[in-house]
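Next up, work-v5.cif (mmCIF, C-alpha atoms):
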data_data
loop_
_atom_site.label_atom_id
_atom_site.label_comp_id
_atom_site.auth_asym_id
_atom_site.auth_seq_id
_atom_site.Cartn_x
_atom_site.Cartn_y
_atom_site.Cartn_z
CA GLU A 1 -93.49 -95.74 14.86
CA PRO A 2 -96.93 -97.35 14.18
CA PRO A 3 -97.44 -98.76 10.67
CA THR A 4 -99.19 -96.54 8.15
CA THR A 5 -102.76 -97.57 7.38
CA LEU A 6 -103.73 -97.42 3.70
CA LEU A 7 -107.35 -96.26 3.43
CA PRO A 8 -109.47 -97.28 0.43
CA PRO A 9 -110.64 -94.47 -1.88
CA LEU A 10 -113.80 -92.66 -0.76
CA GLY A 11 -115.59 -93.58 -3.99
CA PHE A 12 -114.89 -97.28 -3.35
CA ILE A 13 -116.27 -97.03 0.23
CA ARG A 14 -119.47 -95.39 -1.05
CA LEU A 15 -119.83 -98.09 -3.69
CA VAL A 16 -119.56 -100.91 -1.15
CA LEU A 17 -121.93 -99.19 1.31
CA ALA A 18 -124.49 -98.71 -1.46
CA TRP A 19 -124.19 -102.39 -2.38
CA LEU A 20 -124.59 -103.45 1.26
CA LYS A 21 -127.65 -101.24 1.67
CA ARG A 22 -129.21 -102.55 -1.53
CA CYS A 23 -128.75 -106.10 -0.27
CA ASP A 24 -130.07 -105.15 3.19
CA LEU A 25 -126.78 -106.18 4.76
CA LEU A 26 -126.40 -103.33 7.24
CA SER A 27 -128.90 -104.59 9.79
CA PRO A 28 -127.82 -106.61 12.89
CA THR A 29 -129.71 -109.70 11.60
CA SER A 30 -128.03 -109.78 8.26
CA SER A 31 -125.14 -112.20 8.88
CA VAL A 32 -126.76 -114.99 6.86
CA LYS A 33 -127.46 -112.62 4.01
CA MET A 34 -123.86 -111.41 4.20
CA LEU A 35 -122.55 -114.94 3.69
CA SER A 36 -124.93 -115.66 0.84
CA SER A 37 -124.07 -112.39 -0.91
CA THR A 38 -120.28 -112.68 -0.83
CA ALA A 39 -120.17 -114.21 -4.29
CA ALA A 40 -122.27 -111.37 -5.69
CA LEU A 41 -119.93 -108.76 -4.19
CA LYS A 42 -116.91 -110.59 -5.62
CA THR A 43 -118.53 -110.66 -9.06
CA THR A 44 -119.34 -106.95 -8.87
CA LEU A 45 -115.81 -105.98 -7.86
CA THR A 46 -114.29 -108.21 -10.56
CA ALA A 47 -116.48 -106.57 -13.20
CA LEU A 48 -115.49 -103.11 -11.96
CA SER A 49 -111.81 -104.08 -12.04
CA ARG A 50 -112.09 -105.33 -15.61
CA ARG A 51 -113.95 -102.19 -16.63
CA GLY A 52 -111.19 -100.06 -15.10
CA LEU A 53 -108.50 -102.01 -16.97
CA ALA A 54 -110.40 -101.67 -20.23
CA THR A 55 -110.77 -97.93 -19.70
CA ALA A 56 -107.04 -97.58 -19.02
CA ALA A 57 -106.18 -99.59 -22.14
CA THR A 58 -108.47 -97.41 -24.25
CA ALA A 59 -106.91 -94.24 -22.88
CA ALA A 60 -103.41 -95.58 -23.62
CA SER A 61 -104.37 -96.34 -27.22
CA HIS A 62 -105.20 -92.66 -27.80
CA LYS A 63 -102.15 -91.27 -26.00
CA PRO A 64 -99.92 -89.01 -28.15
CA PRO A 65 -96.82 -90.92 -29.31
CA LEU A 66 -94.46 -88.16 -28.26
CA ASP A 67 -94.02 -86.14 -25.07
CA ILE A 68 -94.07 -82.45 -25.97
CA TYR A 69 -94.61 -79.57 -23.60
CA GLY A 70 -95.67 -75.94 -23.58
CA LEU A 71 -98.84 -74.00 -24.29
CA ASN A 72 -99.02 -74.96 -27.96
CA ALA A 73 -98.34 -78.59 -27.11
CA ARG A 74 -101.28 -78.67 -24.67
CA TYR A 75 -103.70 -77.77 -27.44
CA ALA A 76 -101.97 -80.12 -29.90
CA ASN A 77 -102.08 -83.04 -27.44
CA ALA A 78 -105.77 -82.48 -26.69
CA THR A 79 -106.57 -82.28 -30.39
CA TYR A 80 -104.60 -85.46 -31.11
CA ILE A 81 -106.48 -87.39 -28.40
CA ALA A 82 -109.87 -86.13 -29.63
CA ALA A 83 -109.00 -86.93 -33.26
CA SER A 84 -107.75 -90.40 -32.30
CA LYS A 85 -110.97 -91.19 -30.43
CA SER A 86 -112.97 -90.07 -33.48
CA ASN A 87 -110.65 -91.93 -35.89
CA VAL A 88 -109.93 -88.74 -37.87
CA LEU A 89 -106.24 -88.14 -37.15
CA ASP A 90 -105.20 -87.84 -40.82
CA LYS A 91 -108.25 -85.77 -41.73
CA VAL A 92 -107.58 -83.28 -38.94
CA GLU A 93 -103.94 -83.03 -40.00
CA SER A 94 -105.00 -82.15 -43.55
CA GLU A 95 -107.49 -79.56 -42.30
CA LEU A 96 -104.99 -77.92 -39.98
CA LEU A 97 -102.32 -77.77 -42.69
CA ALA A 98 -104.87 -76.11 -44.99
CA ILE A 99 -105.63 -73.54 -42.29
CA LYS A 100 -101.91 -72.85 -41.84
CA GLN A 101 -101.39 -72.49 -45.59
CA THR A 102 -104.32 -70.06 -45.80
CA ALA A 103 -102.90 -67.99 -42.94
CA GLU A 104 -99.55 -67.81 -44.72
CA SER A 105 -100.98 -66.91 -48.12
CA SER A 106 -103.86 -64.63 -47.12
CA PRO A 107 -102.97 -61.37 -45.32
CA ALA A 108 -106.67 -60.81 -44.55
CA PHE A 109 -107.08 -64.18 -42.82
CA ARG A 110 -103.78 -63.77 -40.97
CA SER A 111 -104.86 -60.32 -39.81
CA PHE A 112 -108.14 -61.76 -38.53
CA LEU A 113 -106.31 -64.41 -36.52
CA GLU A 114 -103.89 -61.91 -34.99
CA ASN A 115 -106.22 -58.94 -34.47
CA PRO A 116 -106.67 -58.36 -30.69
CA LEU A 117 -109.37 -55.72 -31.25
CA ILE A 118 -111.96 -58.27 -32.36
CA SER A 119 -113.82 -59.56 -29.32
CA ARG A 120 -113.56 -63.21 -28.35
CA THR A 121 -117.29 -63.69 -28.87
CA GLU A 122 -117.17 -62.20 -32.36
CA LYS A 123 -114.09 -64.21 -33.32
CA THR A 124 -115.70 -67.42 -32.11
CA LYS A 125 -118.83 -66.69 -34.16
CA GLN A 126 -116.85 -65.87 -37.29
CA VAL A 127 -114.67 -68.97 -36.94
CA GLU A 128 -117.78 -71.13 -36.55
CA ASP A 129 -119.39 -69.52 -39.61
CA MET A 130 -116.23 -70.16 -41.66
CA LEU A 131 -115.59 -73.75 -40.63
CA LYS A 132 -118.88 -75.32 -39.60
CA ALA A 133 -119.91 -78.12 -41.98
CA LYS A 134 -116.56 -77.69 -43.75
CA THR A 135 -114.27 -79.38 -41.22
CA THR A 136 -114.43 -82.19 -38.70
CA PRO A 137 -115.91 -81.36 -35.28
CA VAL A 138 -112.42 -81.83 -33.80
CA THR A 139 -110.90 -79.08 -35.95
CA LEU A 140 -113.90 -76.82 -35.40
CA ASN A 141 -113.68 -77.33 -31.64
CA LEU A 142 -109.98 -76.48 -31.61
CA MET A 143 -110.47 -73.28 -33.60
CA THR A 144 -113.47 -72.06 -31.61
CA THR A 145 -111.68 -72.87 -28.34
CA LEU A 146 -108.66 -70.85 -29.47
CA ALA A 147 -110.93 -67.99 -30.49
CA GLY A 148 -112.67 -68.05 -27.11
CA ASN A 149 -109.32 -68.09 -25.29
CA ALA A 150 -107.79 -65.36 -27.49
CA ARG A 151 -105.18 -67.87 -28.69
CA LEU A 152 -105.75 -67.92 -32.46
CA ILE A 153 -102.41 -66.18 -32.81
CA ASN A 154 -100.85 -69.48 -31.63
CA ILE A 155 -102.45 -71.59 -34.35
CA SER A 156 -99.30 -71.99 -36.46
CA GLY A 157 -97.26 -73.34 -33.55
CA ILE A 158 -100.11 -75.62 -32.47
CA ILE A 159 -100.37 -77.05 -35.98
CA ASP A 160 -96.60 -77.61 -36.08
CA ASN A 161 -96.85 -79.57 -32.82
CA TYR A 162 -99.78 -81.62 -34.12
CA VAL A 163 -97.86 -82.48 -37.29
CA GLN A 164 -94.89 -83.43 -35.10
CA LEU A 165 -97.12 -85.89 -33.22
CA MET A 166 -98.42 -87.33 -36.48
CA LYS A 167 -94.91 -87.85 -37.83
CA ALA A 168 -93.98 -89.67 -34.64
CA LYS A 169 -97.08 -91.85 -35.01
CA ARG A 170 -96.04 -92.77 -38.55
CA GLY A 171 -92.46 -93.41 -37.44
CA GLU A 172 -91.13 -90.66 -39.69
CA VAL A 173 -87.71 -89.09 -39.15
CA GLU A 174 -86.73 -85.93 -41.00
CA ALA A 175 -83.17 -85.50 -42.22
CA THR A 176 -81.87 -82.41 -43.98
CA ILE A 177 -78.63 -82.22 -45.95
CA ILE A 178 -77.33 -78.68 -46.42
CA SER A 179 -74.60 -78.10 -49.02
CA ALA A 180 -72.93 -75.09 -50.64
CA ASP A 181 -73.89 -76.37 -54.10
CA PRO A 182 -76.71 -78.66 -55.25
CA LEU A 183 -75.86 -82.32 -54.75
CA THR A 184 -76.20 -84.88 -57.50
CA LYS A 185 -78.40 -87.92 -56.94
CA THR A 186 -75.28 -90.06 -56.54
CA GLN A 187 -73.91 -87.72 -53.87
CA THR A 188 -77.27 -87.57 -52.06
CA ASP A 189 -77.56 -91.37 -52.06
CA ALA A 190 -74.00 -91.70 -50.73
CA VAL A 191 -74.71 -89.31 -47.85
CA ALA A 192 -78.04 -91.06 -47.10
CA THR A 193 -76.26 -94.44 -46.95
CA ALA A 194 -73.64 -93.04 -44.57
CA MET A 195 -76.40 -91.62 -42.35
CA LYS A 196 -78.42 -94.85 -42.25
CA SER A 197 -76.92 -96.02 -38.95
CA GLN A 198 -78.16 -92.84 -37.26
CA PHE A 199 -81.83 -93.69 -37.85
CA PRO A 200 -83.94 -95.88 -35.54
CA GLU A 201 -84.66 -99.31 -36.97
CA GLY A 202 -87.81 -99.28 -39.09
CA ALA A 203 -87.91 -95.48 -39.31
CA LYS A 204 -89.39 -93.87 -42.40
CA VAL A 205 -86.75 -91.36 -43.41
CA ILE A 206 -87.84 -88.14 -45.10
CA LEU A 207 -84.71 -86.78 -46.73
CA LYS A 208 -84.52 -83.14 -47.83
CA SER A 209 -81.71 -81.21 -49.49
CA GLU A 210 -81.03 -77.51 -49.09
CA VAL A 211 -78.44 -75.21 -50.66
CA ASN A 212 -76.67 -72.55 -48.60
CA PRO A 213 -73.63 -70.97 -50.32
CA ALA A 214 -72.64 -69.32 -47.03
CA ILE A 215 -71.23 -72.61 -45.69
CA LEU A 216 -68.59 -72.42 -48.51
CA GLY A 217 -68.24 -76.18 -48.83
CA GLY A 218 -68.69 -79.44 -47.01
CA LEU A 219 -72.02 -80.39 -45.45
CA GLN A 220 -74.36 -79.63 -42.60
CA ILE A 221 -76.70 -82.43 -41.55
CA GLN A 222 -79.83 -82.15 -39.40
CA ILE A 223 -81.44 -85.37 -38.13
CA GLY A 224 -84.38 -84.62 -35.88
CA ASP A 225 -82.97 -82.44 -33.13
CA LYS A 226 -79.35 -83.45 -33.84
CA PHE A 227 -77.11 -81.17 -35.89
CA LEU A 228 -73.75 -82.08 -37.43
CA ASP A 229 -71.66 -79.28 -38.93
CA LEU A 230 -69.03 -80.49 -41.40
CA SER A 231 -68.95 -77.28 -43.41
CA VAL A 232 -65.86 -75.42 -44.58
CA GLY A 233 -67.29 -72.24 -43.09
CA SER A 234 -67.38 -73.71 -39.58
CA ARG A 235 -63.79 -74.91 -39.93
CA ILE A 236 -62.65 -71.41 -40.96
CA GLU A 237 -64.45 -69.93 -37.95
CA GLU A 238 -62.81 -72.52 -35.69
CA VAL A 239 -59.36 -71.61 -37.02
CA GLY A 240 -60.16 -67.92 -36.57
CA ARG A 241 -60.96 -68.50 -32.90
CA THR A 242 -57.70 -70.35 -32.32
CA VAL A 243 -55.19 -68.30 -30.36
CA VAL A 244 -51.78 -68.36 -32.01
#

So that I can check it, write out the structure of this file as structure tokens.
Amino acid sequence: EPPTTLLPPLGFIRLVLAWLKRCDLLSPTSSVKMLSSTAALKTTLTALSRRGLATAATAASHKPPLDIYGLNARYANATYIAASKSNVLDKVESELLAIKQTAESSPAFRSFLENPLISRTEKTKQVEDMLKAKTTPVTLNLMTTLAGNARLINISGIIDNYVQLMKAKRGEVEATIISADPLTKTQTDAVATAMKSQFPEGAKVILKSEVNPAILGGLQIQIGDKFLDLSVGSRIEEVGRTVV
């Protein structure tokens, strides 16, 4: 089987041909010029290579710190990249959280976001009137894009994904302790110390406590996407499922 020939990209071929033509190196009498212009070609290609590496490094610096997938994640990822390039990541997070809070507290605003009878054009115009000059261009672009795509109903999930990316950027890890009765500070500190080994080194732990009498006793612990059930209720259910 003959060896496979690797062809250079078409754009690269066009670039070299354009350079040769500019230097008048395509004519039969151009061998001397070809030799004298080799250094110039090498310099050009080196500069292009460095420019490509710089572009790749810049793109990597704006890459979301977490791989998340789905429709909402696509919008959140694009917003994160745009906000990072504009150096307004924190500002956009604050604006989006304010929008989410307004949607949760205002039935009228929530109805506007969810109403399918309002045309895309009208929604886009109203969103622009509401937010223009009041938010960053990144937030405005996200909201008008969602309005134009009839996706404003997804805004809450998109904001949750954006906040998730921001927490990952800050190295934050959420941990929730669920108990049947409120824990004292001493008890909370003891549980937090016992959980310390479960956190990545250098992580900023955000510890929350919740009360759920239904678990009867013991604890339930949520660390990120990991869940540990040490409740009395779960033990009773386990015994109930045991065949005697």

Requested in this report: Considering all atoms listed in the file, return as a PyMOL selection string whatever protein or nucleic-acid residues lie within 12 Å of Phe112 of chain A, sequence-local ones (same chain, fewer than 3 positions apart) excluded.
Outcome: chain A and resi 102-103+106-109+115-120+122-124+126-127+147+150-153

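Picture a line from atom CA of Tyr75 of chain A to atom CA of Leu113 of chain A; it runs 16.4 Å.
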
Requested in this report: Please write the residues picked by the PyMOL selection byres ((chain A and resi 154) around 12) on this file as a count of residues only.
Outcome: 29

Query raised in the report: Expressed in Å to a single decimal, how great is the separation between atom CA of Val92 of chain A and atom CA of Thr139 of chain A?
Result: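 Atom-to-atom, atom CA of Val92 of chain A to atom CA of Thr139 of chain A, that is 6.1 Å.
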
Query raised in the report: Suppose you want the space between atom CA of Lys125 of chain A and atom CA of Leu140 of chain A; what is it in Å?
Result: 11.3 Å

Report task. Would you please work out which residue, of A:Thr188, A:Thr176, A:Thr144, A:Gln164, is nearest to Leu207 of chain A when using all atoms listed in the file? Result -> A:Thr176

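Of the residues under consideration (A:Ser179, A:Thr184, A:Ser234, A:Gln101), A:Ser179 shows the shortest atom-to-atom contact distance to Ile221 of chain A when counting only C-alpha atoms.
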
Query raised in the report: Taking all atoms listed in the file into account, which of A:Val88, A:Ala175, A:Ile206, A:Ala192 comes nearest Lys226 of chain A?
Result: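 Going through A:Val88, A:Ala175, A:Ile206, A:Ala192 one by one, the smallest distance to Lys226 of chain A is for A:Ala175.
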
Query raised in the report: Counting only C-alpha atoms, which residues come within 12 Å of (-75.7, -78.6, -46.5), with the point read in the file's coordinates, and could you list them as a ChimeraX atom specification?
Result: /A:175-183,187-188,191,208-222,227-234

Report summary line: Counting only C-alpha atoms, the residue among A:Val173, A:Met195, A:Leu66, A:Val163 that lies closest to Lys91 of chain A is A:Val163
